[in-house]
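A.B. asks: Coordinates in input.cif, mmCIF, C-alpha atoms, are listed below.
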```cif
data_upload
loop_
_atom_site.label_atom_id
_atom_site.label_comp_id
_atom_site.auth_asym_id
_atom_site.auth_seq_id
_atom_site.Cartn_x
_atom_site.Cartn_y
_atom_site.Cartn_z
CA MET A 8 55.46 -39.91 -39.69
CA ASN A 9 53.52 -38.00 -42.33
CA CYS A 10 49.80 -37.28 -42.34
CA PRO A 11 47.87 -39.83 -44.43
CA LYS A 12 45.57 -37.08 -45.73
CA CYS A 13 47.91 -34.12 -46.21
CA HIS A 14 50.89 -36.32 -47.19
CA ASP A 15 53.46 -33.52 -46.86
CA LYS A 16 52.64 -32.58 -43.25
CA THR A 17 54.48 -34.22 -40.36
CA LEU A 18 52.40 -35.53 -37.47
CA VAL A 19 53.32 -34.03 -34.09
CA GLN A 20 53.06 -36.10 -30.92
CA PHE A 21 51.00 -34.86 -27.99
CA SER A 22 49.93 -36.55 -24.78
CA HIS A 23 46.49 -36.39 -23.23
CA GLU A 24 45.21 -38.48 -20.31
CA GLY A 25 48.06 -40.96 -20.57
CA VAL A 26 47.86 -41.49 -24.34
CA ASP A 27 50.44 -40.30 -26.89
CA PHE A 28 48.57 -39.29 -30.02
CA ASP A 29 50.04 -38.08 -33.31
CA PHE A 30 48.37 -34.91 -34.59
CA CYS A 31 48.38 -33.11 -37.95
CA SER A 32 48.79 -29.65 -36.43
CA ASP A 33 49.76 -27.86 -39.67
CA GLY A 34 47.12 -29.40 -41.91
CA CYS A 35 43.85 -31.29 -41.61
CA LYS A 36 43.93 -31.56 -37.75
CA GLY A 37 43.48 -35.34 -37.90
CA ILE A 38 44.74 -37.69 -35.18
CA TRP A 39 46.62 -40.99 -35.50
CA CYS A 40 46.06 -43.61 -32.77
CA ASP A 41 48.38 -46.61 -32.53
CA LYS A 42 46.72 -49.95 -31.77
CA GLY A 43 45.07 -49.88 -28.36
CA GLU A 44 45.37 -46.13 -27.78
CA LEU A 45 41.83 -45.22 -28.79
CA ALA A 46 40.28 -47.93 -26.58
CA TYR A 47 42.42 -46.85 -23.65
CA TYR A 48 41.52 -43.18 -24.16
CA LEU A 49 37.79 -43.88 -24.57
CA GLU A 50 37.90 -46.40 -21.69
CA LEU A 51 36.59 -49.27 -23.79
CA THR A 52 37.62 -52.92 -23.51
CA LYS A 53 38.55 -53.24 -27.18
CA ASP A 54 40.04 -50.91 -29.73
CA LEU A 55 38.65 -52.01 -33.05
CA PRO A 56 35.68 -53.57 -34.70
CA SER A 57 36.39 -57.21 -35.49
CA GLU A 58 38.72 -57.98 -38.37
CA ARG A 59 35.81 -59.55 -40.22
CA LYS A 60 33.78 -56.37 -39.93
CA ILE A 61 36.63 -54.32 -41.38
CA GLU A 62 36.88 -56.57 -44.43
CA HIS A 63 33.13 -56.88 -45.02
CA VAL A 64 31.86 -53.37 -44.48
CA GLY A 65 34.95 -51.23 -44.88
CA ILE A 66 35.77 -49.17 -47.94
CA LYS A 67 39.38 -48.66 -49.00
CA SER A 68 40.53 -45.26 -47.86
CA LEU A 69 44.01 -44.02 -46.98
CA LEU A 70 47.46 -45.56 -46.70
CA CYS A 71 48.64 -46.07 -43.13
CA PRO A 72 51.14 -43.42 -41.98
CA SER A 73 52.86 -45.98 -39.73
CA CYS A 74 53.22 -49.20 -41.77
CA HIS A 75 51.94 -48.02 -45.20
CA SER A 76 49.31 -50.77 -45.42
CA GLN A 77 45.83 -50.19 -46.83
CA MET A 78 43.40 -48.50 -44.46
CA TRP A 79 39.64 -49.09 -44.50
CA ALA A 80 36.87 -46.63 -43.67
CA VAL A 81 34.68 -48.55 -41.23
CA PRO A 82 31.15 -47.33 -40.41
CA TYR A 83 29.34 -47.76 -37.09
CA PHE A 84 32.47 -48.11 -34.96
CA LEU A 85 30.63 -47.61 -31.66
CA SER A 86 27.03 -47.10 -32.75
CA LYS A 87 24.92 -46.02 -35.70
CA ALA A 88 25.69 -42.42 -34.70
CA SER A 89 29.48 -42.96 -34.89
CA PRO A 90 31.52 -41.36 -37.63
CA ASP A 91 33.34 -43.68 -40.04
CA ILE A 92 36.86 -44.37 -38.80
CA ASP A 93 39.88 -45.35 -40.89
CA VAL A 94 41.50 -48.57 -39.65
CA CYS A 95 44.83 -49.96 -40.85
CA SER A 96 44.68 -53.54 -42.10
CA GLY A 97 48.32 -54.05 -41.07
CA CYS A 98 49.22 -52.47 -37.73
CA LYS A 99 45.55 -51.88 -36.67
CA GLY A 100 46.13 -48.18 -36.02
CA ILE A 101 43.21 -45.77 -36.39
CA TRP A 102 43.01 -42.43 -38.19
CA LEU A 103 40.46 -39.93 -36.91
CA ASP A 104 39.49 -36.90 -38.96
CA PHE A 105 39.07 -33.49 -37.35
CA LYS A 106 36.49 -33.55 -34.51
CA GLU A 107 35.88 -37.33 -34.72
CA LEU A 108 37.67 -37.99 -31.42
CA GLY A 109 35.24 -35.67 -29.63
CA GLU A 110 32.27 -37.36 -31.29
CA LEU A 111 33.52 -40.79 -30.23
CA GLN A 112 34.12 -39.58 -26.67
CA LYS A 113 30.49 -38.49 -26.35
CA ILE A 114 29.21 -41.83 -27.64
CA ALA A 115 31.65 -43.91 -25.56
CA MET A 116 30.59 -42.19 -22.31
CA SER A 117 27.19 -43.82 -22.57
CA LEU A 118 28.27 -47.23 -23.82
CA GLU A 119 30.59 -49.50 -21.97
CA VAL A 120 30.63 -49.20 -18.21
CA ASP A 121 32.34 -52.61 -17.94
CA GLY A 122 35.47 -51.31 -19.66
CA LYS A 123 35.81 -48.43 -17.20
CA LEU A 124 35.13 -50.68 -14.22
CA SER A 125 37.59 -53.33 -15.42
CA ARG A 126 40.36 -50.77 -15.90
CA THR A 127 39.73 -49.19 -12.50
CA LEU A 128 39.89 -52.59 -10.77
CA LYS A 129 43.16 -53.45 -12.54
CA GLN A 130 44.65 -50.10 -11.51
CA ILE A 131 43.62 -50.70 -7.88
CA GLN A 132 45.16 -54.19 -7.94
CA LEU A 133 48.45 -52.84 -9.37
CA TRP A 134 48.49 -50.03 -6.84
CA SER A 135 47.89 -52.39 -3.92
CA LYS A 136 50.69 -54.75 -5.08
CA GLN A 137 53.15 -51.86 -5.15
CA LYS A 138 52.56 -51.02 -1.50
#
```
Write out the structure in this file as structure tokens.
C.D. replies:
Amino acid sequence: MNCPKCHDKTLVQFSHEGVDFDFCSDGCKGIWCDKGELAYYLELTKDLPSERKIEHVGIKSLLCPSCHSQMWAVPYFLSKASPDIDVCSGCKGIWLDFKELGELQKIAMSLEVDGKLSRTLKQIQLWSKQK
């Protein structure tokens, strides 16, 4: 899969905290997140702003590196302090520019305790069923 910004650079997969991201290591240093990966990584209950929000406030941006659909730059993903994120209208993947993942992590830490609690409870239930 090629970088949606650099076009000629191949994204390299790397794993961090149970998520396989695709990274533009030779170019812009952006990160591709398949649907659900960003929410899982940030420990949020949902991955994306609503579809309606994408269509109404988004601005056409890149072409998706995965399915080649139109991506939309969506402001205020987590809060007014959030960077704009690029969301694919087709596969719902997310493109993060250099340093945006770190910015979103800082914001997410203070937001949604329910998502973290819900995931922890599910993991405990799965663990207890395996024993």
A.B. asks: At a cut-off of 12 Å, using only C-alpha atoms, what residues contact Asp15 (chain A)? Leave out same-chain residues fewer than 6 positions from it and give the result as a compact mmCIF listing (two decimals) with C-alpha atoms, keeping the file's coordinate frame.
C.D. replies:
```txt
# COMPACT_ATOMS: atom_id res chain seq x y z
CA MET A 8 55.46 -39.91 -39.69
CA ASN A 9 53.52 -38.00 -42.33
CA CYS A 31 48.38 -33.11 -37.95
CA ASP A 33 49.76 -27.86 -39.67
CA GLY A 34 47.12 -29.40 -41.91
CA CYS A 35 43.85 -31.29 -41.61
CA PRO A 72 51.14 -43.42 -41.98
```
A.B. asks: Just say which residues the PyMOL selection byres ((chain A and resi 97) around 7) picks in this file, as a list in words.
C.D. replies: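 Expected selection for the PyMOL selection byres ((chain A and resi 97) around 7) here is Cys74, Ser76, Cys95, Ser96, Cys98 and Lys99 of chain A.
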A.B. asks: Would you mind telling me which residue in A:Val19, A:Leu49, A:Ile92, A:Met116 lies nearest to Ile66 (chain A) when using only C-alpha atoms?
C.D. replies: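 Checking each of A:Val19, A:Leu49, A:Ile92, A:Met116 against Ile66 (chain A), counting only C-alpha atoms, the winner is A:Ile92.
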A.B. asks: Using only C-alpha atoms, which of the listed residues (A:Val81, A:Leu45, A:Cys10, A:Val26) sits closest to Leu108 (chain A)?
C.D. replies: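 Selected residue with least distance to Leu108 (chain A): A:Leu45.
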A.B. asks: Determine the residue set returned by the PyMOL selection byres ((chain A and resi 40) around 8) for the present structure, and present it as a tab-separated table (two decimals) with C-alpha atoms, in the coordinates of the input.
C.D. replies:
```
chain	number	residue	atom	x	y	z
A	28	PHE	CA	48.57	-39.29	-30.02
A	29	ASP	CA	50.04	-38.08	-33.31
A	38	ILE	CA	44.74	-37.69	-35.18
A	39	TRP	CA	46.62	-40.99	-35.50
A	41	ASP	CA	48.38	-46.61	-32.53
A	42	LYS	CA	46.72	-49.95	-31.77
A	43	GLY	CA	45.07	-49.88	-28.36
A	44	GLU	CA	45.37	-46.13	-27.78
A	45	LEU	CA	41.83	-45.22	-28.79
A	100	GLY	CA	46.13	-48.18	-36.02
A	101	ILE	CA	43.21	-45.77	-36.39
A	102	TRP	CA	43.01	-42.43	-38.19
A	103	LEU	CA	40.46	-39.93	-36.91
```
A.B. asks: Find the spatial neighbours of Ser68 (chain A), counting all atoms listed in the file, within a cut-off of 8 Å - ignore same-chain residues fewer than 2 positions away - and output them as a list in words.
C.D. replies: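 Within the cut-off, the hits are Ile66, Leu70, Gln77, Met78, Trp79, Ala80 and Asp93 of chain A.
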A.B. asks: Go ahead and compute the interatomic distance for CA of Lys106 (chain A) and CA of His14 (chain A), in Å to one decimal.
C.D. replies: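 We find that CA of Lys106 (chain A) and CA of His14 (chain A) lie 19.4 Å from each other.
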